[in-house]
$ cat input_36.txt   # compact mmCIF, C-alpha atoms
# COMPACT_ATOMS: atom_id res chain seq x y z
CA MET A 180 -21.81 29.33 -17.93
CA VAL A 181 -19.67 27.33 -20.39
CA GLY A 182 -18.18 24.11 -19.05
CA VAL A 183 -14.40 24.07 -18.54
CA SER A 184 -13.97 20.44 -17.47
CA LEU A 185 -15.57 17.00 -17.41
CA LYS A 186 -16.42 15.63 -13.98
CA CYS A 187 -16.53 11.92 -13.17
CA GLY A 188 -19.75 11.27 -11.30
CA ASP A 189 -18.31 8.09 -9.75
CA CYS A 190 -15.22 9.52 -8.03
CA GLY A 191 -15.39 13.31 -8.51
CA ALA A 192 -12.19 13.61 -10.62
CA LEU A 193 -11.99 16.67 -12.91
CA LEU A 194 -10.68 16.13 -16.44
CA ARG A 195 -9.65 18.65 -19.08
CA SER A 196 -10.74 16.88 -22.27
CA VAL A 197 -12.75 14.03 -23.75
CA GLN A 198 -9.50 12.16 -24.33
CA GLU A 199 -8.59 12.40 -20.62
CA ALA A 200 -12.09 11.20 -19.75
CA GLN A 201 -11.63 8.21 -22.06
CA GLU A 202 -8.30 7.37 -20.42
CA HIS A 203 -9.89 7.75 -16.99
CA ALA A 204 -12.74 5.42 -18.01
CA GLU A 205 -10.29 2.78 -19.26
CA LEU A 206 -8.29 2.97 -16.04
CA THR A 207 -11.20 2.92 -13.57
CA SER A 208 -14.20 1.52 -15.55
CA HIS A 209 -16.13 4.65 -14.54
CA SER A 210 -18.66 5.79 -17.14
CA ASN A 211 -20.67 8.61 -15.53
CA PHE A 212 -19.25 11.94 -16.86
CA SER A 213 -20.83 15.37 -17.05
CA GLU A 214 -19.78 18.87 -18.12
CA SER A 215 -18.65 21.05 -15.18
CA THR A 216 -17.93 24.73 -14.63
CA GLU A 217 -15.27 23.85 -12.04
CA ALA A 218 -11.76 24.32 -13.49
CA VAL A 219 -9.02 21.71 -13.16
CA LEU A 220 -6.46 22.81 -10.56
CA ASN A 221 -3.24 24.18 -12.11
CA LEU A 222 -0.49 25.03 -9.58
CA VAL A 223 2.82 25.95 -11.25
CA CYS A 224 6.13 25.63 -9.39
CA ALA A 225 7.66 29.10 -9.18
CA THR A 226 11.18 27.60 -9.21
CA CYS A 227 11.13 25.17 -12.15
CA GLY A 228 7.79 25.86 -13.86
CA LYS A 229 6.38 22.34 -13.48
CA PRO A 230 2.54 22.31 -13.48
CA CYS A 231 0.77 20.25 -10.81
CA ARG A 232 -2.90 19.33 -11.20
CA SER A 233 -3.62 18.18 -7.65
CA LYS A 234 -2.44 18.77 -4.09
CA THR A 235 -1.01 15.25 -4.07
CA GLU A 236 1.14 16.08 -7.11
CA THR A 237 2.22 19.31 -5.42
CA ASP A 238 3.23 17.46 -2.23
CA LEU A 239 5.17 14.87 -4.23
CA HIS A 240 7.01 17.58 -6.20
CA ARG A 241 7.80 19.45 -2.97
CA LYS A 242 9.25 16.32 -1.34
CA ARG A 243 11.40 15.45 -4.34
CA THR A 244 12.77 18.88 -5.18
CA GLY A 245 12.46 20.96 -2.02
CA HIS A 246 10.58 23.63 -4.01
CA THR A 247 7.94 25.27 -1.85
CA ASP A 248 6.49 28.18 -3.88
CA PHE A 249 3.63 27.54 -6.30
CA VAL A 250 1.59 29.97 -8.38
CA ASP A 251 -2.13 29.28 -8.86
CA LYS A 252 -2.83 29.58 -12.60
CA THR A 253 -6.07 27.65 -12.56
CA SER A 254 -8.15 30.49 -13.98
CA GLU A 255 -5.57 31.28 -16.71
CA ALA A 256 -5.43 27.68 -17.91
CA ALA A 257 -9.21 27.15 -17.87
CA LYS A 258 -10.72 26.93 -21.38
CA PRO A 259 -14.17 25.99 -22.66
CA ILE A 260 -14.12 22.24 -23.09
CA SER A 261 -14.64 20.63 -26.49
CA LEU A 262 -16.95 17.62 -26.49
CA GLU A 263 -15.65 16.34 -29.82
CA VAL A 264 -14.14 12.86 -29.65
CA PRO A 265 -10.54 13.02 -30.91
CA LYS A 266 -9.82 10.91 -34.01
CA ALA A 267 -6.35 9.47 -34.20
CA THR A 268 -4.96 7.13 -36.83
CA ALA A 269 -1.73 5.19 -36.67
CA ASP A 270 -0.09 7.68 -39.08
CA SER A 271 -1.18 10.74 -37.12
CA GLU A 272 -0.08 9.20 -33.82
CA GLU A 273 3.31 8.47 -35.39
CA ALA A 274 3.56 12.06 -36.56
CA ILE A 275 2.65 13.35 -33.11
CA ASP A 276 5.32 11.16 -31.54
CA VAL A 277 7.93 12.57 -33.95
CA ASP A 278 6.86 16.15 -33.33
CA MET A 279 6.73 15.79 -29.57
CA SER A 280 10.05 14.03 -29.12
CA GLY A 281 12.23 15.22 -31.98
CA SER A 282 14.78 12.61 -30.99
CA GLN A 283 15.25 8.94 -30.17
CA PRO A 284 13.64 7.61 -26.95
CA GLU A 285 15.88 7.91 -23.90
CA GLU A 286 17.57 4.74 -22.70
CA MET A 287 16.07 3.39 -19.45
CA VAL A 288 18.05 1.57 -16.74
CA GLU A 289 17.44 0.16 -13.28
CA PRO A 290 17.92 2.76 -10.52
CA GLU A 291 20.94 2.58 -8.24
CA VAL A 292 20.06 1.71 -4.63
CA ASP A 293 22.04 1.04 -1.45
CA LYS A 294 23.33 -2.55 -1.77
CA GLU A 295 23.46 -3.14 2.00
CA LEU A 296 19.87 -1.99 2.48
CA LEU A 297 18.84 -4.15 -0.49
CA LYS A 298 20.46 -7.22 1.14
CA GLU A 299 18.60 -6.54 4.39
CA LEU A 300 15.27 -6.34 2.59
CA GLU A 301 16.00 -9.54 0.66
CA ALA A 302 16.86 -11.27 3.94
CA MET A 303 13.40 -10.27 5.20
CA GLY A 304 11.85 -12.11 2.23
CA PHE A 305 11.18 -9.26 -0.21
CA PRO A 306 11.67 -9.98 -3.95
CA VAL A 307 14.53 -8.02 -5.53
CA ALA A 308 12.22 -5.91 -7.73
CA ARG A 309 9.94 -4.97 -4.82
CA ALA A 310 12.90 -4.15 -2.56
CA THR A 311 14.56 -2.05 -5.28
CA ARG A 312 11.31 -0.18 -5.98
CA ALA A 313 10.77 0.49 -2.26
CA LEU A 314 14.31 1.84 -1.75
CA HIS A 315 14.16 3.99 -4.90
CA TYR A 316 10.81 5.63 -4.11
CA SER A 317 11.48 6.01 -0.36
CA GLY A 318 14.65 8.00 -1.06
CA ASN A 319 17.19 5.21 -0.36
CA ALA A 320 17.07 6.32 3.28
CA ASN A 321 16.81 3.19 5.46
CA VAL A 322 15.12 -0.20 5.82
CA GLU A 323 12.26 1.21 7.90
CA ALA A 324 11.33 3.81 5.27
CA ALA A 325 11.43 1.13 2.56
CA VAL A 326 9.23 -1.28 4.56
CA ASN A 327 6.75 1.53 5.28
CA TRP A 328 6.64 2.31 1.53
CA VAL A 329 5.87 -1.36 0.78
CA VAL A 330 3.05 -1.37 3.35
CA GLU A 331 1.51 1.76 1.82
CA HIS A 332 1.86 0.54 -1.81
CA GLU A 333 1.22 -3.17 -1.23
CA ASN A 334 -1.75 -3.23 -3.61
CA ASP A 335 -0.07 -1.37 -6.48
CA PRO A 336 -0.32 -3.50 -9.66
CA ASP A 337 3.35 -2.88 -10.49
CA ILE A 338 4.71 -3.50 -6.97
CA ASP A 339 6.85 -6.42 -8.18
CA GLU A 340 8.05 -4.80 -11.41
CA MET A 341 11.62 -3.50 -11.53
CA PRO A 342 11.49 0.34 -11.76
CA MET A 343 13.27 1.96 -14.69
CA VAL A 344 14.72 5.49 -14.86
CA PRO A 345 16.31 7.49 -17.71
CA VAL A 346 20.11 7.20 -18.05
CA SER A 347 20.38 10.99 -17.87
CA GLY A 348 18.82 12.68 -14.88
CA GLY A 349 17.25 15.37 -17.03
CA GLY A 350 14.37 15.12 -19.43
CA GLY A 351 13.00 17.10 -22.31
CA ALA A 352 9.40 16.06 -21.86
CA SER A 353 6.72 18.53 -22.80
CA LYS A 354 5.03 20.27 -19.91
CA SER A 355 1.67 19.13 -21.19
CA SER A 356 2.61 15.42 -20.97
CA LEU A 357 2.67 13.32 -17.81
CA THR A 358 5.67 11.36 -16.62
CA PRO A 359 5.21 7.65 -15.81
CA GLU A 360 5.44 8.46 -12.10
CA GLU A 361 2.74 11.13 -12.42
CA ILE A 362 0.48 8.66 -14.27
CA LYS A 363 0.95 6.14 -11.45
CA LEU A 364 0.26 8.87 -8.92
CA LYS A 365 -3.00 9.75 -10.65
CA ALA A 366 -4.00 6.11 -10.83
CA GLN A 367 -3.34 5.76 -7.11
CA GLU A 368 -5.32 8.91 -6.40
CA LEU A 369 -8.29 7.55 -8.34
CA ARG A 370 -8.09 4.20 -6.57
CA ILE A 371 -8.17 5.98 -3.21
CA LEU A 372 -11.24 7.96 -4.22
CA ALA A 373 -13.01 4.83 -5.42
CA LEU A 374 -12.11 2.78 -2.35
CA ARG A 375 -13.09 5.49 0.10
CA LYS A 376 -16.78 4.91 -0.61
CA ALA A 377 -16.61 1.29 0.48
CA GLU A 378 -14.20 1.84 3.38
CA LYS A 379 -16.75 1.90 6.20
CA GLU A 380 -18.58 -1.18 4.98
CA GLU A 381 -15.32 -3.07 4.52
CA GLU A 382 -14.24 -2.15 8.03
CA LYS A 383 -17.49 -3.52 9.45
CA ARG A 384 -17.12 -6.75 7.50
CA ALA A 385 -13.48 -7.12 8.55
CA ARG A 386 -14.30 -6.60 12.23
CA GLU A 387 -17.09 -9.16 12.04
CA LYS A 388 -14.78 -11.71 10.42
CA ILE A 389 -12.16 -11.10 13.10
CA ARG A 390 -14.73 -11.57 15.88
CA GLN A 391 -15.92 -14.82 14.30
CA LYS A 392 -12.37 -16.11 13.89
CA LEU A 393 -11.49 -15.21 17.48
CA GLU A 394 -14.53 -17.12 18.72
CA GLU A 395 -13.55 -20.15 16.62
CA ASP A 396 -9.94 -20.01 17.86
CA LYS A 397 -11.05 -19.75 21.47
CA ALA A 398 -13.48 -22.65 21.08
CA GLU A 399 -10.73 -24.78 19.53
CA ARG A 400 -8.32 -23.99 22.39
CA ARG A 401 -10.99 -24.91 24.95
CA ARG A 402 -11.58 -28.17 23.09
CA ARG A 403 -7.88 -29.03 23.13
CA LEU A 404 -7.68 -28.31 26.85
CA GLY A 405 -10.67 -30.56 27.48
CA LEU A 406 -12.87 -27.69 28.67
CA PRO A 407 -16.61 -27.62 27.92
CA PRO A 408 -17.90 -25.21 25.25
CA GLU A 409 -18.53 -21.72 26.57
CA ASP A 410 -22.14 -20.72 27.19
CA PRO A 411 -23.13 -18.24 24.40
CA ALA A 412 -25.36 -16.31 26.82
CA ALA A 413 -22.46 -15.82 29.20
CA THR A 414 -20.27 -14.68 26.29
CA LYS A 415 -22.74 -11.96 25.33
CA SER A 416 -23.11 -10.67 28.88
CA SER A 417 -19.40 -10.63 29.70
CA ALA A 418 -16.29 -9.38 27.91
CA PRO A 419 -14.25 -12.48 26.91
CA VAL A 420 -14.45 -11.66 23.21
CA VAL A 421 -12.93 -8.22 23.79
CA GLU A 422 -10.18 -9.74 25.91
CA GLU A 423 -9.42 -12.32 23.22
CA LYS A 424 -9.35 -9.59 20.60
CA LYS A 425 -6.73 -7.76 22.64
CA SER A 426 -4.62 -10.87 23.14
CA MET A 427 -4.42 -11.73 19.44
CA LEU A 428 -2.24 -8.70 18.79
CA PRO A 429 1.33 -9.34 19.92
CA ILE A 430 2.22 -6.03 21.58
CA ARG A 431 0.32 -3.24 23.32
CA PRO A 432 2.22 -0.01 24.05
CA ALA A 433 2.89 0.76 27.69
CA THR A 434 3.86 4.39 27.10
CA LYS A 435 3.81 6.87 24.25
CA ASP A 436 7.53 6.21 23.74
CA ASP A 437 6.65 2.64 22.72
CA ASP A 438 4.16 3.67 20.02
CA ALA A 439 6.70 3.97 17.21
CA LYS A 440 8.27 0.57 17.98
CA VAL A 441 4.86 -1.07 18.20
CA LYS A 442 3.66 0.42 14.93
CA ARG A 443 6.88 -0.67 13.24
CA ALA A 444 6.42 -4.21 14.61
CA PHE A 445 2.81 -4.32 13.36
CA GLN A 446 3.89 -3.14 9.89
CA THR A 447 6.64 -5.77 9.71
CA LEU A 448 4.27 -8.55 10.83
CA LEU A 449 1.72 -7.36 8.25
CA THR A 450 4.42 -7.64 5.57
CA TYR A 451 5.33 -11.20 6.60
CA ILE A 452 1.66 -12.28 6.66
CA GLY A 453 0.91 -10.51 3.36
CA ASN A 454 3.89 -12.13 1.60
CA VAL A 455 2.71 -15.61 2.61
CA ALA A 456 -0.92 -14.92 1.66
CA LYS A 457 0.09 -13.68 -1.79
CA ASN A 458 2.78 -16.30 -2.42
CA PRO A 459 1.81 -19.42 -0.40
CA ASN A 460 3.93 -21.71 -2.59
CA GLU A 461 7.14 -19.68 -2.12
CA GLU A 462 9.16 -21.23 0.73
CA LYS A 463 11.30 -18.11 1.20
CA PHE A 464 8.21 -16.21 2.41
CA ARG A 465 7.33 -19.00 4.84
CA LYS A 466 10.76 -19.21 6.47
CA ILE A 467 12.21 -16.59 8.85
CA ARG A 468 15.71 -16.72 10.33
CA LEU A 469 15.30 -15.82 14.00
CA SER A 470 18.88 -14.54 14.29
CA ASN A 471 18.33 -11.96 11.52
CA GLN A 472 19.18 -8.61 13.12
CA THR A 473 16.42 -6.72 11.34
CA PHE A 474 13.82 -9.27 12.48
CA GLN A 475 15.12 -9.11 16.05
CA ASP A 476 15.07 -5.30 16.13
CA ARG A 477 11.58 -4.97 14.67
CA VAL A 478 9.73 -8.04 16.00
CA GLY A 479 11.76 -10.61 17.93
CA ALA A 480 12.88 -8.32 20.74
CA LEU A 481 9.33 -7.18 21.53
CA LYS A 482 7.05 -9.24 23.74
CA GLY A 483 4.51 -11.34 21.86
CA GLY A 484 5.99 -11.02 18.34
CA LEU A 485 6.97 -14.69 18.00
CA GLU A 486 3.73 -15.83 19.64
CA PHE A 487 1.71 -13.90 17.06
CA LEU A 488 3.50 -15.64 14.18
CA GLU A 489 2.98 -19.01 15.91
CA LEU A 490 -0.75 -18.24 16.12
CA CYS A 491 -0.63 -17.79 12.34
CA GLY A 492 0.85 -21.29 11.95
CA PHE A 493 4.62 -20.69 12.07
CA GLU A 494 6.67 -23.19 14.10
CA LYS A 495 10.32 -23.36 15.16
CA ILE A 496 12.60 -25.75 13.23
CA GLU A 497 16.29 -26.68 13.05
CA GLY A 498 16.86 -26.26 16.76
CA GLY A 499 15.01 -22.98 16.96
CA GLU A 500 17.11 -21.28 14.27
CA PHE A 501 14.14 -20.65 11.95
CA LEU A 502 10.40 -20.01 12.10
CA PHE A 503 8.72 -22.03 9.35
CA LEU A 504 5.15 -22.28 8.08
CA PRO A 505 4.60 -25.63 6.28
CA ARG A 506 2.68 -25.29 3.00
CA GLU A 507 -0.05 -27.69 4.17
CA LYS A 508 -0.62 -25.53 7.28
CA VAL A 509 -1.16 -22.27 5.37
CA ASP A 510 -4.68 -21.21 6.41
CA MET A 511 -5.93 -18.25 4.35
CA VAL A 512 -8.75 -17.56 6.81
CA VAL A 513 -6.28 -17.20 9.68
CA LEU A 514 -3.88 -15.09 7.58
CA ASN A 515 -6.65 -12.79 6.35
CA SER A 516 -7.99 -12.39 9.88
CA ALA A 517 -4.51 -11.60 11.22
CA GLY A 518 -3.88 -9.13 8.40
CA SER A 519 -7.22 -7.37 8.97
CA GLU A 520 -6.53 -7.02 12.69
CA LEU A 521 -3.02 -5.69 12.13
CA THR A 522 -4.28 -3.18 9.56
CA SER A 523 -6.98 -1.98 11.95
CA ALA A 524 -4.45 -1.67 14.78
CA ILE A 525 -2.07 0.38 12.60
CA ASN A 526 -4.78 2.75 11.38
CA ASN A 527 -6.87 3.00 14.55
CA PRO A 528 -5.08 3.89 17.82
CA PHE A 529 -8.16 2.81 19.79
CA PHE A 530 -8.35 -0.66 18.20
CA GLY A 531 -8.59 -3.37 20.86
CA VAL A 532 -10.59 -1.29 23.35
CA LEU A 533 -13.67 -0.59 21.24

$ encode --input "input_36.txt" --output "structure tokens"
Amino acid sequence: MVGVSLKCGDCGALLRSVQEAQEHAELTSHSNFSESTEAVLNLVCATCGKPCRSKTETDLHRKRTGHTDFVDKTSEAAKPISLEVPKATADSEEAIDVDMSGSQPEEMVEPEVDKELLKELEAMGFPVARATRALHYSGNANVEAAVNWVVEHENDPDIDEMPMVPVSGGGGASKSSLTPEEIKLKAQELRILALRKAEKEEEKRAREKIRQKLEEDKAERRRRLGLPPEDPAATKSSAPVVEEKKSMLPIRPATKDDDAKVKRAFQTLLTYIGNVAKNPNEEKFRKIRLSNQTFQDRVGALKGGLEFLELCGFEKIEGGEFLFLPREKVDMVVLNSAGSELTSAINNPFFGVL
């Protein structure tokens, strides 16, 4: 049977042309492609006619527009794939641009977001561009939705770039072209596929690092208290390491009603720790006003939140008005260990009892 797509042997992505395969290779550094008889998914919105090439794109379109009906036109759109490498010169590309657009490029501006929510996020230490991006893509709903968006997109390469949107809400883009948001969505989808392979090994390495750090912290505390080093044989036969692992996290839910508050606290703490780890020289990320209402609601009011930050090196200053982490006390090993444990706790409801 004639091939209708090119399949990436590294991540499994299906591509409709050699040009798409080249773009995919540039984006991911994947180089293992083969002809496939599996057609690229083509779900068309029955309301507005927008084509979606993956379930992720379909979900995103559904959330943004409320459209729920899609027609599967995968078989209609499938064509035998050409293996010829496209040749494009500067002149031909210019001509294509003129033909495709037919008009001047649309003016782009910064999106409008809720000013009060933006102030709250800035007070929590988020850069203006990151806070604006989070509010824009989380629907301008509330601080919690924006913080959750930041946690989920923390590793995006453009996380700290100010988003830009067309002045007019509409757009005359060709159906065959991808919008900037769709390109980013595809890039994220490919990153997820690539990272999934190494997920289990990374989790094992992270757990081992956490266990080692916990042992070092416990040994240091025993030394400060003047206690003798713990017998390694006794450690293996008993459960102190597990107990210490539990105590490093600030809050454990007592009932199911507490789960949402606990998860929100973990996500906020992860944001604080991540900001310091990525920007250790920025004082604004190392200083937290304890009276900030958002901080109190999400972390301060829950048992163990302050203690967790103090374990990471933060200390109270100015009469207890601020928590501050001095630059010389920033310990990347401690921050990475804390971040790994928080991430595991957020993603694994059984973390701490394994």

$ atom_distance --input "input_36.txt" --atom1 "CA of Glu500 (chain A)" --atom2 "CA of Ala310 (chain A)"
24.4 Å

$ atom_distance --input "input_36.txt" --atom1 "CA of Ile467 (chain A)" --atom2 "CA of Lys508 (chain A)"
15.7 Å

$ residues_near_point --input "input_36.txt" --point "(17.8, -9.9, 6.4)" --cutoff "10 Å" --atoms "only C-alpha atoms" --output "PyMOL selection string"
chain A and resi 295-305+467-474

$ residues_around --input "input_36.txt" --residues "Glu255 (chain A)" --least-positions-apart "4" --cutoff "10 Å" --atoms "only C-alpha atoms" --output "list in words"
Ala218, Asn221 and Asp251 of chain A

$ atom_distance --input "input_36.txt" --atom1 "CA of Lys186 (chain A)" --atom2 "CA of His209 (chain A)"
11.0 Å

$ closest_residue --input "input_36.txt" --among "A:Ala192, A:Met343, A:Ile260, A:Val197" --to "Arg232 (chain A)" --atoms "all atoms listed in the file"
A:Ala192

$ closest_residue --input "input_36.txt" --among "A:Ile525, A:Thr450, A:Lys229, A:Asn458" --to "Trp328 (chain A)" --atoms "only C-alpha atoms"
A:Thr450

$ axis_aligned_box --input "input_36.txt" --around "region 290-307 of chain A" --padding-each-side "4 Å" --output "lines of an AutoDock Vina configuration file"
center_x = 17.3
center_y = -4.7
center_z = -2.7
size_x = 20.3
size_y = 22.9
size_z = 23.7

$ residues_around --input "input_36.txt" --residues "Ala444 (chain A)" --least-positions-apart "5" --cutoff "9 Å" --atoms "only C-alpha atoms" --output "ChimeraX atom specification"
/A:429-430,439,449,476-479,481,484

$ closest_residue --input "input_36.txt" --among "A:Leu504, A:Ala385, A:Ala256, A:Ile338" --to "Ala456 (chain A)" --atoms "only C-alpha atoms"
A:Leu504

$ closest_residue --input "input_36.txt" --among "A:Glu380, A:Glu494, A:Asp248, A:Glu489" --to "Leu448 (chain A)" --atoms "all atoms listed in the file"
A:Glu489

$ residues_around --input "input_36.txt" --residues "Phe464 (chain A)" --least-positions-apart "3" --cutoff "7 Å" --atoms "all atoms listed in the file" --output "mmCIF file with C-alpha atoms, in the frame of the given file"
data_model
loop_
_atom_site.group_PDB
_atom_site.id
_atom_site.type_symbol
_atom_site.label_atom_id
_atom_site.label_comp_id
_atom_site.auth_asym_id
_atom_site.auth_seq_id
_atom_site.Cartn_x
_atom_site.Cartn_y
_atom_site.Cartn_z
ATOM 1 C CA GLY A 304 11.850 -12.110 2.230
ATOM 2 C CA ASN A 454 3.890 -12.130 1.600
ATOM 3 C CA VAL A 455 2.710 -15.610 2.610
ATOM 4 C CA GLU A 461 7.140 -19.680 -2.120
#

$ closest_residue --input "input_36.txt" --among "A:Leu393, A:Ile371, A:Leu193, A:Met287" --to "Glu214 (chain A)" --atoms "all atoms listed in the file"
A:Leu193

$ residues_around --input "input_36.txt" --residues "Ala398 (chain A)" --least-positions-apart "6" --cutoff "10 Å" --atoms "all atoms listed in the file" --output "ChimeraX atom specification"
/A:392,404,406-409

$ closest_residue --input "input_36.txt" --among "A:Thr311, A:Asn460, A:Thr447, A:Thr235" --to "Glu507 (chain A)" --atoms "only C-alpha atoms"
A:Asn460

$ residues_around --input "input_36.txt" --residues "Leu220 (chain A)" --least-positions-apart "3" --cutoff "12 Å" --atoms "only C-alpha atoms" --output "MDAnalysis selection string"
chainID A and resid 183:184 192:195 217 223 230:237 249:257

$ write_last_selection --input "input_36.txt" --atoms "C-alpha atoms" --output "mmCIF file, keeping the file's coordinate frame"
data_model
loop_
_atom_site.group_PDB
_atom_site.id
_atom_site.type_symbol
_atom_site.label_atom_id
_atom_site.label_comp_id
_atom_site.auth_asym_id
_atom_site.auth_seq_id
_atom_site.Cartn_x
_atom_site.Cartn_y
_atom_site.Cartn_z
ATOM 1 C CA VAL A 183 -14.400 24.070 -18.540
ATOM 2 C CA SER A 184 -13.970 20.440 -17.470
ATOM 3 C CA ALA A 192 -12.190 13.610 -10.620
ATOM 4 C CA LEU A 193 -11.990 16.670 -12.910
ATOM 5 C CA LEU A 194 -10.680 16.130 -16.440
ATOM 6 C CA ARG A 195 -9.650 18.650 -19.080
ATOM 7 C CA GLU A 217 -15.270 23.850 -12.040
ATOM 8 C CA VAL A 223 2.820 25.950 -11.250
ATOM 9 C CA PRO A 230 2.540 22.310 -13.480
ATOM 10 C CA CYS A 231 0.770 20.250 -10.810
ATOM 11 C CA ARG A 232 -2.900 19.330 -11.200
ATOM 12 C CA SER A 233 -3.620 18.180 -7.650
ATOM 13 C CA LYS A 234 -2.440 18.770 -4.090
ATOM 14 C CA THR A 235 -1.010 15.250 -4.070
ATOM 15 C CA GLU A 236 1.140 16.080 -7.110
ATOM 16 C CA THR A 237 2.220 19.310 -5.420
ATOM 17 C CA PHE A 249 3.630 27.540 -6.300
ATOM 18 C CA VAL A 250 1.590 29.970 -8.380
ATOM 19 C CA ASP A 251 -2.130 29.280 -8.860
ATOM 20 C CA LYS A 252 -2.830 29.580 -12.600
ATOM 21 C CA THR A 253 -6.070 27.650 -12.560
ATOM 22 C CA SER A 254 -8.150 30.490 -13.980
ATOM 23 C CA GLU A 255 -5.570 31.280 -16.710
ATOM 24 C CA ALA A 256 -5.430 27.680 -17.910
ATOM 25 C CA ALA A 257 -9.210 27.150 -17.870
#
